>>> print(open('upload13.cif').read())   # mmCIF, N, CA and C atoms
data_data
loop_
_atom_site.label_atom_id
_atom_site.label_comp_id
_atom_site.auth_asym_id
_atom_site.auth_seq_id
_atom_site.Cartn_x
_atom_site.Cartn_y
_atom_site.Cartn_z
N MET A 1 88.23 70.75 79.26
CA MET A 1 88.22 70.54 80.69
C MET A 1 88.60 71.85 81.39
N ARG A 2 87.80 72.26 82.32
CA ARG A 2 88.07 73.50 83.04
C ARG A 2 88.98 73.24 84.23
N SER A 3 89.82 74.23 84.51
CA SER A 3 90.68 74.12 85.68
C SER A 3 89.92 74.62 86.91
N ALA A 4 90.37 74.22 88.05
CA ALA A 4 89.73 74.64 89.31
C ALA A 4 89.98 76.12 89.54
N PRO A 5 89.03 76.81 90.15
CA PRO A 5 89.24 78.23 90.43
C PRO A 5 90.35 78.41 91.47
N PRO A 6 90.96 79.58 91.51
CA PRO A 6 92.00 79.83 92.51
C PRO A 6 91.38 79.82 93.91
N ALA A 7 92.20 79.58 94.87
CA ALA A 7 91.72 79.62 96.26
C ALA A 7 91.33 81.04 96.62
N PRO A 8 90.22 81.22 97.33
CA PRO A 8 89.84 82.58 97.72
C PRO A 8 90.87 83.16 98.68
N ALA A 9 91.09 84.44 98.57
CA ALA A 9 92.03 85.13 99.44
C ALA A 9 91.33 86.35 100.01
N GLY A 10 91.89 86.90 101.03
CA GLY A 10 91.27 88.06 101.65
C GLY A 10 92.29 89.06 102.13
N GLY A 11 91.80 90.07 102.77
CA GLY A 11 92.66 91.11 103.30
C GLY A 11 91.92 91.94 104.31
N ARG A 12 92.60 92.89 104.86
CA ARG A 12 92.00 93.78 105.86
C ARG A 12 92.63 95.15 105.75
N LYS A 13 91.80 96.17 105.83
CA LYS A 13 92.28 97.55 105.85
C LYS A 13 91.77 98.19 107.12
N GLU A 14 92.68 98.86 107.82
CA GLU A 14 92.32 99.52 109.07
C GLU A 14 92.44 101.03 108.92
N TYR A 15 91.51 101.74 109.50
CA TYR A 15 91.51 103.20 109.49
C TYR A 15 91.84 103.67 110.90
N THR A 16 92.73 104.66 110.99
CA THR A 16 93.18 105.15 112.29
C THR A 16 92.85 106.62 112.46
N ASP A 17 92.80 107.05 113.71
CA ASP A 17 92.60 108.46 114.01
C ASP A 17 93.94 109.17 114.12
N GLU A 18 93.93 110.44 114.54
CA GLU A 18 95.16 111.24 114.62
C GLU A 18 96.18 110.67 115.61
N GLN A 19 95.71 109.95 116.62
CA GLN A 19 96.61 109.37 117.62
C GLN A 19 97.12 107.99 117.19
N GLY A 20 96.64 107.47 116.09
CA GLY A 20 97.09 106.16 115.61
C GLY A 20 96.25 104.99 116.09
N ALA A 21 95.18 105.27 116.81
CA ALA A 21 94.29 104.20 117.28
C ALA A 21 93.37 103.76 116.15
N VAL A 22 93.16 102.47 116.00
CA VAL A 22 92.28 101.94 114.95
C VAL A 22 90.84 102.30 115.29
N THR A 23 90.17 102.98 114.36
CA THR A 23 88.78 103.38 114.57
C THR A 23 87.80 102.51 113.81
N ARG A 24 88.27 101.90 112.72
CA ARG A 24 87.38 101.08 111.90
C ARG A 24 88.23 100.12 111.09
N GLY A 25 87.72 98.94 110.86
CA GLY A 25 88.41 97.96 110.03
C GLY A 25 87.46 97.34 109.02
N VAL A 26 87.97 97.06 107.84
CA VAL A 26 87.18 96.43 106.79
C VAL A 26 87.93 95.18 106.36
N ALA A 27 87.23 94.04 106.34
CA ALA A 27 87.85 92.78 105.92
C ALA A 27 87.07 92.21 104.75
N TRP A 28 87.75 91.46 103.90
CA TRP A 28 87.09 90.84 102.75
C TRP A 28 87.74 89.50 102.44
N VAL A 29 86.99 88.68 101.72
CA VAL A 29 87.50 87.41 101.23
C VAL A 29 86.75 87.11 99.94
N GLY A 30 87.45 86.57 98.97
CA GLY A 30 86.79 86.27 97.71
C GLY A 30 87.74 86.19 96.55
N TYR A 31 87.26 86.64 95.39
CA TYR A 31 87.98 86.56 94.12
C TYR A 31 87.94 87.91 93.42
N LYS A 32 88.77 88.06 92.38
CA LYS A 32 88.68 89.18 91.46
C LYS A 32 88.23 88.63 90.11
N PHE A 33 87.38 89.37 89.43
CA PHE A 33 86.87 88.97 88.14
C PHE A 33 87.37 89.99 87.11
N HIS A 34 88.22 89.57 86.19
CA HIS A 34 88.81 90.45 85.18
C HIS A 34 88.09 90.26 83.86
N LEU A 35 87.71 91.35 83.22
CA LEU A 35 87.05 91.30 81.92
C LEU A 35 87.90 92.01 80.87
N LEU A 36 87.95 91.42 79.69
CA LEU A 36 88.53 92.06 78.52
C LEU A 36 87.36 92.32 77.58
N VAL A 37 87.07 93.60 77.33
CA VAL A 37 85.88 93.98 76.58
C VAL A 37 86.27 94.61 75.25
N ALA A 38 85.60 94.16 74.18
CA ALA A 38 85.76 94.78 72.87
C ALA A 38 84.88 96.02 72.87
N VAL A 39 85.48 97.19 72.97
CA VAL A 39 84.74 98.43 73.14
C VAL A 39 83.86 98.74 71.93
N LYS A 40 84.37 98.53 70.75
CA LYS A 40 83.63 98.86 69.53
C LYS A 40 82.31 98.10 69.44
N HIS A 41 82.34 96.82 69.80
CA HIS A 41 81.14 95.99 69.68
C HIS A 41 80.44 95.73 71.00
N GLU A 42 81.00 96.24 72.10
CA GLU A 42 80.43 96.13 73.44
C GLU A 42 80.15 94.67 73.82
N VAL A 43 81.15 93.82 73.62
CA VAL A 43 81.03 92.41 74.01
C VAL A 43 82.26 92.00 74.82
N ILE A 44 82.08 90.97 75.64
CA ILE A 44 83.18 90.43 76.43
C ILE A 44 84.02 89.54 75.53
N ALA A 45 85.31 89.85 75.41
CA ALA A 45 86.22 89.07 74.59
C ALA A 45 86.88 87.95 75.40
N ALA A 46 87.12 88.18 76.67
CA ALA A 46 87.74 87.18 77.53
C ALA A 46 87.47 87.55 78.98
N TRP A 47 87.58 86.57 79.86
CA TRP A 47 87.43 86.80 81.29
C TRP A 47 88.38 85.89 82.03
N GLN A 48 88.68 86.28 83.27
CA GLN A 48 89.58 85.50 84.09
C GLN A 48 89.23 85.73 85.56
N LEU A 49 89.25 84.67 86.32
CA LEU A 49 89.01 84.71 87.75
C LEU A 49 90.36 84.57 88.44
N SER A 50 90.65 85.44 89.39
CA SER A 50 91.93 85.37 90.08
C SER A 50 91.74 85.60 91.57
N SER A 51 92.79 85.39 92.31
CA SER A 51 92.80 85.64 93.75
C SER A 51 92.79 87.14 94.00
N THR A 52 92.30 87.56 95.14
CA THR A 52 92.32 88.98 95.49
C THR A 52 93.75 89.48 95.68
N LYS A 53 94.69 88.57 95.84
CA LYS A 53 96.10 88.95 96.00
C LYS A 53 96.74 89.32 94.67
N ALA A 54 96.10 88.98 93.54
CA ALA A 54 96.64 89.32 92.22
C ALA A 54 96.60 90.83 92.03
N GLY A 55 97.57 91.35 91.32
CA GLY A 55 97.62 92.79 91.07
C GLY A 55 96.53 93.24 90.12
N ASP A 56 96.28 94.55 90.08
CA ASP A 56 95.27 95.11 89.20
C ASP A 56 95.82 95.49 87.83
N ASN A 57 97.07 95.17 87.58
CA ASN A 57 97.66 95.46 86.27
C ASN A 57 96.98 94.61 85.20
N PRO A 58 97.10 95.01 83.93
CA PRO A 58 96.47 94.23 82.87
C PRO A 58 96.95 92.77 82.88
N ARG A 59 96.01 91.82 82.83
CA ARG A 59 96.33 90.41 82.87
C ARG A 59 96.16 89.81 81.47
N ARG A 60 97.13 89.04 81.03
CA ARG A 60 97.14 88.32 79.76
C ARG A 60 97.23 89.21 78.55
N LEU A 61 97.22 90.55 78.70
CA LEU A 61 97.22 91.43 77.53
C LEU A 61 98.55 91.39 76.79
N HIS A 62 99.64 91.35 77.53
CA HIS A 62 100.96 91.35 76.91
C HIS A 62 101.15 90.10 76.05
N GLU A 63 100.72 88.96 76.55
CA GLU A 63 100.87 87.71 75.79
C GLU A 63 100.11 87.76 74.48
N ALA A 64 98.94 88.39 74.47
CA ALA A 64 98.11 88.45 73.28
C ALA A 64 98.43 89.66 72.40
N ARG A 65 99.43 90.45 72.79
CA ARG A 65 99.83 91.67 72.06
C ARG A 65 98.67 92.65 71.91
N ILE A 66 97.92 92.81 73.01
CA ILE A 66 96.79 93.74 73.03
C ILE A 66 97.21 94.97 73.82
N LYS A 67 96.94 96.14 73.26
CA LYS A 67 97.25 97.40 73.94
C LYS A 67 95.95 98.01 74.44
N PRO A 68 95.94 98.53 75.69
CA PRO A 68 94.73 99.17 76.21
C PRO A 68 94.36 100.39 75.38
N LEU A 69 93.06 100.63 75.25
CA LEU A 69 92.56 101.76 74.49
C LEU A 69 92.62 103.05 75.29
N SER A 70 92.27 102.99 76.56
CA SER A 70 92.22 104.19 77.39
C SER A 70 93.61 104.57 77.88
N GLU A 71 93.87 105.85 77.90
CA GLU A 71 95.12 106.37 78.43
C GLU A 71 94.75 107.23 79.63
N ASN A 72 94.66 106.62 80.79
CA ASN A 72 94.14 107.29 81.99
C ASN A 72 94.90 108.55 82.36
N ARG A 73 96.20 108.57 82.18
CA ARG A 73 96.98 109.74 82.59
C ARG A 73 96.73 110.95 81.70
N ARG A 74 96.14 110.75 80.55
CA ARG A 74 95.89 111.86 79.64
C ARG A 74 94.43 112.31 79.63
N LEU A 75 93.60 111.75 80.48
CA LEU A 75 92.18 112.08 80.46
C LEU A 75 91.91 113.50 80.91
N TRP A 76 92.67 113.99 81.86
CA TRP A 76 92.43 115.31 82.44
C TRP A 76 93.64 116.21 82.20
N LYS A 77 93.85 116.61 80.97
CA LYS A 77 95.04 117.40 80.62
C LYS A 77 95.04 118.77 81.29
N ASP A 78 93.86 119.33 81.51
CA ASP A 78 93.78 120.68 82.08
C ASP A 78 93.84 120.67 83.60
N GLU A 79 93.65 119.51 84.21
CA GLU A 79 93.65 119.42 85.66
C GLU A 79 94.93 118.72 86.13
N HIS A 80 95.73 119.42 86.90
CA HIS A 80 96.99 118.85 87.37
C HIS A 80 96.80 117.97 88.60
N GLU A 81 95.72 118.21 89.34
CA GLU A 81 95.42 117.41 90.52
C GLU A 81 94.00 116.89 90.42
N ARG A 82 93.85 115.60 90.53
CA ARG A 82 92.50 115.03 90.51
C ARG A 82 92.54 113.71 91.21
#
>>> encode(input="upload13.cif", output="structure tokens")
Amino acid sequence: MRSAPPAPAGGRKEYTDEQGAVTRGVAWVGYKFHLLVAVKHEVIAAWQLSSTKAGDNPRRLHEARIKPLSENRRLWKDEHER
């Protein structure tokens, strides 16, 4: 039996000029779709649907004792600013 999807959530980001006046706004509503991919075999191992309010940190990985393969902070060793 499948559980019901989370309620959709949204947000808004506003862009301002030098004087602090809002020049543009972007709004959204929906879900986030998280994928756990087996890189070696290029297949989806698991997926999860969450609210847009959920963080972008790894979801469910700690419980399954899975460590991420990519080490983002070490990708650009020669570049100090990127």
>>> atom_distance(input="upload13.cif", atom1="atom CA of Gly30 of chain A", atom2="atom C of Ala7 of chain A")
7.0 Å
>>> resolve_selection(input="upload13.cif", expression="the PyMOL selection byres ((chain A and resi 29) around 6.5)", output="compact mmCIF listing (two decimals) with N, CA and C atoms, in the coordinates of the input")
# COMPACT_ATOMS: atom_id res chain seq x y z
N PRO A 8 90.22 81.22 97.33
CA PRO A 8 89.84 82.58 97.72
C PRO A 8 90.87 83.16 98.68
N ALA A 9 91.09 84.44 98.57
CA ALA A 9 92.03 85.13 99.44
C ALA A 9 91.33 86.35 100.01
N GLY A 10 91.89 86.90 101.03
CA GLY A 10 91.27 88.06 101.65
C GLY A 10 92.29 89.06 102.13
N GLY A 11 91.80 90.07 102.77
CA GLY A 11 92.66 91.11 103.30
C GLY A 11 91.92 91.94 104.31
N ALA A 27 87.23 94.04 106.34
CA ALA A 27 87.85 92.78 105.92
C ALA A 27 87.07 92.21 104.75
N TRP A 28 87.75 91.46 103.90
CA TRP A 28 87.09 90.84 102.75
C TRP A 28 87.74 89.50 102.44
N GLY A 30 87.45 86.57 98.97
CA GLY A 30 86.79 86.27 97.71
C GLY A 30 87.74 86.19 96.55
N TYR A 31 87.26 86.64 95.39
CA TYR A 31 87.98 86.56 94.12
C TYR A 31 87.94 87.91 93.42
>>> atom_distance(input="upload13.cif", atom1="atom CA of Ala54 of chain A", atom2="atom CA of Val26 of chain A")
18.8 Å
>>> resolve_selection(input="upload13.cif", expression="the PyMOL selection byres (((chain A and resi 48 and name CA) around 10) and name CA)", output="PyMOL selection string")
chain A and resi 5+32-36+46-47+49-50+59-60
>>> residues_around(input="upload13.cif", residues="Tyr15 of chain A", least_positions_apart="2", cutoff="7 Å", atoms="all atoms listed in the file", output="VMD selection string")
chain A and resid 13 17 20 to 26
>>> atom_distance(input="upload13.cif", atom1="atom CA of Arg12 of chain A", atom2="atom CA of Thr52 of chain A")
11.4 Å
>>> closest_residue(input="upload13.cif", among="A:Lys40, A:Ser51, A:Ala4, A:Ala45", to="Ala64 of chain A", atoms="only C-alpha atoms")
A:Ala45
>>> axis_aligned_box(input="upload13.cif", around="segment 8-18 of chain A", padding_each_side="4 Å", output="JSON")
{"center_x": 93.0, "center_y": 96.2, "center_z": 106.5, "size_x": 14.3, "size_y": 38.0, "size_z": 26.3}
>>> build_atoms(input="upload13.cif", residues="segment 29-40 of chain A", atoms="all heavy atoms", output="PDB file, in the frame of the given file")
ATOM      1  N   VAL A  29      86.990  88.680 101.720  1.00  0.00           N
ATOM      2  CA  VAL A  29      87.500  87.410 101.230  1.00  0.00           C
ATOM      3  C   VAL A  29      86.750  87.110  99.940  1.00  0.00           C
ATOM      4  O   VAL A  29      85.568  87.420  99.814  1.00  0.00           O
ATOM      5  CB  VAL A  29      87.337  86.261 102.263  1.00  0.00           C
ATOM      6  CG1 VAL A  29      85.878  85.979 102.537  1.00  0.00           C
ATOM      7  CG2 VAL A  29      88.041  85.014 101.808  1.00  0.00           C
ATOM      8  N   GLY A  30      87.450  86.570  98.970  1.00  0.00           N
ATOM      9  CA  GLY A  30      86.790  86.270  97.710  1.00  0.00           C
ATOM     10  C   GLY A  30      87.740  86.190  96.550  1.00  0.00           C
ATOM     11  O   GLY A  30      88.893  85.784  96.680  1.00  0.00           O
ATOM     12  N   TYR A  31      87.260  86.640  95.390  1.00  0.00           N
ATOM     13  CA  TYR A  31      87.980  86.560  94.120  1.00  0.00           C
ATOM     14  C   TYR A  31      87.940  87.910  93.420  1.00  0.00           C
ATOM     15  O   TYR A  31      87.158  88.771  93.771  1.00  0.00           O
ATOM     16  CB  TYR A  31      87.329  85.537  93.186  1.00  0.00           C
ATOM     17  CG  TYR A  31      87.213  84.161  93.749  1.00  0.00           C
ATOM     18  CD1 TYR A  31      86.059  83.747  94.388  1.00  0.00           C
ATOM     19  CD2 TYR A  31      88.256  83.258  93.634  1.00  0.00           C
ATOM     20  CE1 TYR A  31      85.939  82.471  94.904  1.00  0.00           C
ATOM     21  CE2 TYR A  31      88.153  81.980  94.146  1.00  0.00           C
ATOM     22  CZ  TYR A  31      86.989  81.594  94.781  1.00  0.00           C
ATOM     23  OH  TYR A  31      86.885  80.330  95.278  1.00  0.00           O
ATOM     24  N   LYS A  32      88.770  88.060  92.380  1.00  0.00           N
ATOM     25  CA  LYS A  32      88.680  89.180  91.460  1.00  0.00           C
ATOM     26  C   LYS A  32      88.230  88.630  90.110  1.00  0.00           C
ATOM     27  O   LYS A  32      88.642  87.549  89.699  1.00  0.00           O
ATOM     28  CB  LYS A  32      90.037  89.864  91.267  1.00  0.00           C
ATOM     29  CG  LYS A  32      90.436  90.749  92.391  1.00  0.00           C
ATOM     30  CD  LYS A  32      91.705  91.495  92.007  1.00  0.00           C
ATOM     31  CE  LYS A  32      92.158  92.412  93.110  1.00  0.00           C
ATOM     32  NZ  LYS A  32      93.378  93.125  92.731  1.00  0.00           N
ATOM     33  N   PHE A  33      87.380  89.370  89.430  1.00  0.00           N
ATOM     34  CA  PHE A  33      86.870  88.970  88.140  1.00  0.00           C
ATOM     35  C   PHE A  33      87.370  89.990  87.110  1.00  0.00           C
ATOM     36  O   PHE A  33      87.014  91.167  87.175  1.00  0.00           O
ATOM     37  CB  PHE A  33      85.334  88.950  88.179  1.00  0.00           C
ATOM     38  CG  PHE A  33      84.693  88.362  86.969  1.00  0.00           C
ATOM     39  CD1 PHE A  33      84.871  87.029  86.652  1.00  0.00           C
ATOM     40  CD2 PHE A  33      83.903  89.133  86.153  1.00  0.00           C
ATOM     41  CE1 PHE A  33      84.271  86.472  85.546  1.00  0.00           C
ATOM     42  CE2 PHE A  33      83.292  88.595  85.037  1.00  0.00           C
ATOM     43  CZ  PHE A  33      83.474  87.263  84.735  1.00  0.00           C
ATOM     44  N   HIS A  34      88.220  89.570  86.190  1.00  0.00           N
ATOM     45  CA  HIS A  34      88.810  90.450  85.180  1.00  0.00           C
ATOM     46  C   HIS A  34      88.090  90.260  83.860  1.00  0.00           C
ATOM     47  O   HIS A  34      87.891  89.130  83.417  1.00  0.00           O
ATOM     48  CB  HIS A  34      90.297  90.116  84.982  1.00  0.00           C
ATOM     49  CG  HIS A  34      91.088  90.141  86.247  1.00  0.00           C
ATOM     50  ND1 HIS A  34      91.705  91.274  86.706  1.00  0.00           N
ATOM     51  CD2 HIS A  34      91.337  89.172  87.161  1.00  0.00           C
ATOM     52  CE1 HIS A  34      92.324  90.995  87.843  1.00  0.00           C
ATOM     53  NE2 HIS A  34      92.108  89.726  88.135  1.00  0.00           N
ATOM     54  N   LEU A  35      87.710  91.350  83.220  1.00  0.00           N
ATOM     55  CA  LEU A  35      87.050  91.300  81.920  1.00  0.00           C
ATOM     56  C   LEU A  35      87.900  92.010  80.870  1.00  0.00           C
ATOM     57  O   LEU A  35      88.458  93.069  81.121  1.00  0.00           O
ATOM     58  CB  LEU A  35      85.694  92.012  81.970  1.00  0.00           C
ATOM     59  CG  LEU A  35      84.579  91.353  82.733  1.00  0.00           C
ATOM     60  CD1 LEU A  35      83.352  92.257  82.726  1.00  0.00           C
ATOM     61  CD2 LEU A  35      84.247  90.007  82.149  1.00  0.00           C
ATOM     62  N   LEU A  36      87.950  91.420  79.690  1.00  0.00           N
ATOM     63  CA  LEU A  36      88.530  92.060  78.520  1.00  0.00           C
ATOM     64  C   LEU A  36      87.360  92.320  77.580  1.00  0.00           C
ATOM     65  O   LEU A  36      86.697  91.382  77.143  1.00  0.00           O
ATOM     66  CB  LEU A  36      89.570  91.145  77.859  1.00  0.00           C
ATOM     67  CG  LEU A  36      90.223  91.682  76.599  1.00  0.00           C
ATOM     68  CD1 LEU A  36      90.999  92.955  76.906  1.00  0.00           C
ATOM     69  CD2 LEU A  36      91.139  90.646  76.003  1.00  0.00           C
ATOM     70  N   VAL A  37      87.070  93.600  77.330  1.00  0.00           N
ATOM     71  CA  VAL A  37      85.880  93.980  76.580  1.00  0.00           C
ATOM     72  C   VAL A  37      86.270  94.610  75.250  1.00  0.00           C
ATOM     73  O   VAL A  37      87.140  95.467  75.195  1.00  0.00           O
ATOM     74  CB  VAL A  37      85.033  94.974  77.405  1.00  0.00           C
ATOM     75  CG1 VAL A  37      83.804  95.410  76.648  1.00  0.00           C
ATOM     76  CG2 VAL A  37      84.661  94.360  78.737  1.00  0.00           C
ATOM     77  N   ALA A  38      85.600  94.160  74.180  1.00  0.00           N
ATOM     78  CA  ALA A  38      85.760  94.780  72.870  1.00  0.00           C
ATOM     79  C   ALA A  38      84.880  96.020  72.870  1.00  0.00           C
ATOM     80  O   ALA A  38      83.644  95.926  72.798  1.00  0.00           O
ATOM     81  CB  ALA A  38      85.358  93.818  71.761  1.00  0.00           C
ATOM     82  N   VAL A  39      85.480  97.190  72.970  1.00  0.00           N
ATOM     83  CA  VAL A  39      84.740  98.430  73.140  1.00  0.00           C
ATOM     84  C   VAL A  39      83.860  98.740  71.930  1.00  0.00           C
ATOM     85  O   VAL A  39      82.704  99.137  72.080  1.00  0.00           O
ATOM     86  CB  VAL A  39      85.710  99.612  73.405  1.00  0.00           C
ATOM     87  CG1 VAL A  39      84.969 100.921  73.521  1.00  0.00           C
ATOM     88  CG2 VAL A  39      86.521  99.342  74.655  1.00  0.00           C
ATOM     89  N   LYS A  40      84.370  98.530  70.750  1.00  0.00           N
ATOM     90  CA  LYS A  40      83.630  98.860  69.530  1.00  0.00           C
ATOM     91  C   LYS A  40      82.310  98.100  69.440  1.00  0.00           C
ATOM     92  O   LYS A  40      81.283  98.641  69.079  1.00  0.00           O
ATOM     93  CB  LYS A  40      84.487  98.576  68.302  1.00  0.00           C
ATOM     94  CG  LYS A  40      83.822  98.942  66.992  1.00  0.00           C
ATOM     95  CD  LYS A  40      84.752  98.712  65.833  1.00  0.00           C
ATOM     96  CE  LYS A  40      84.078  99.068  64.530  1.00  0.00           C
ATOM     97  NZ  LYS A  40      84.959  98.819  63.387  1.00  0.00           N
TER      98      LYS A  40
END
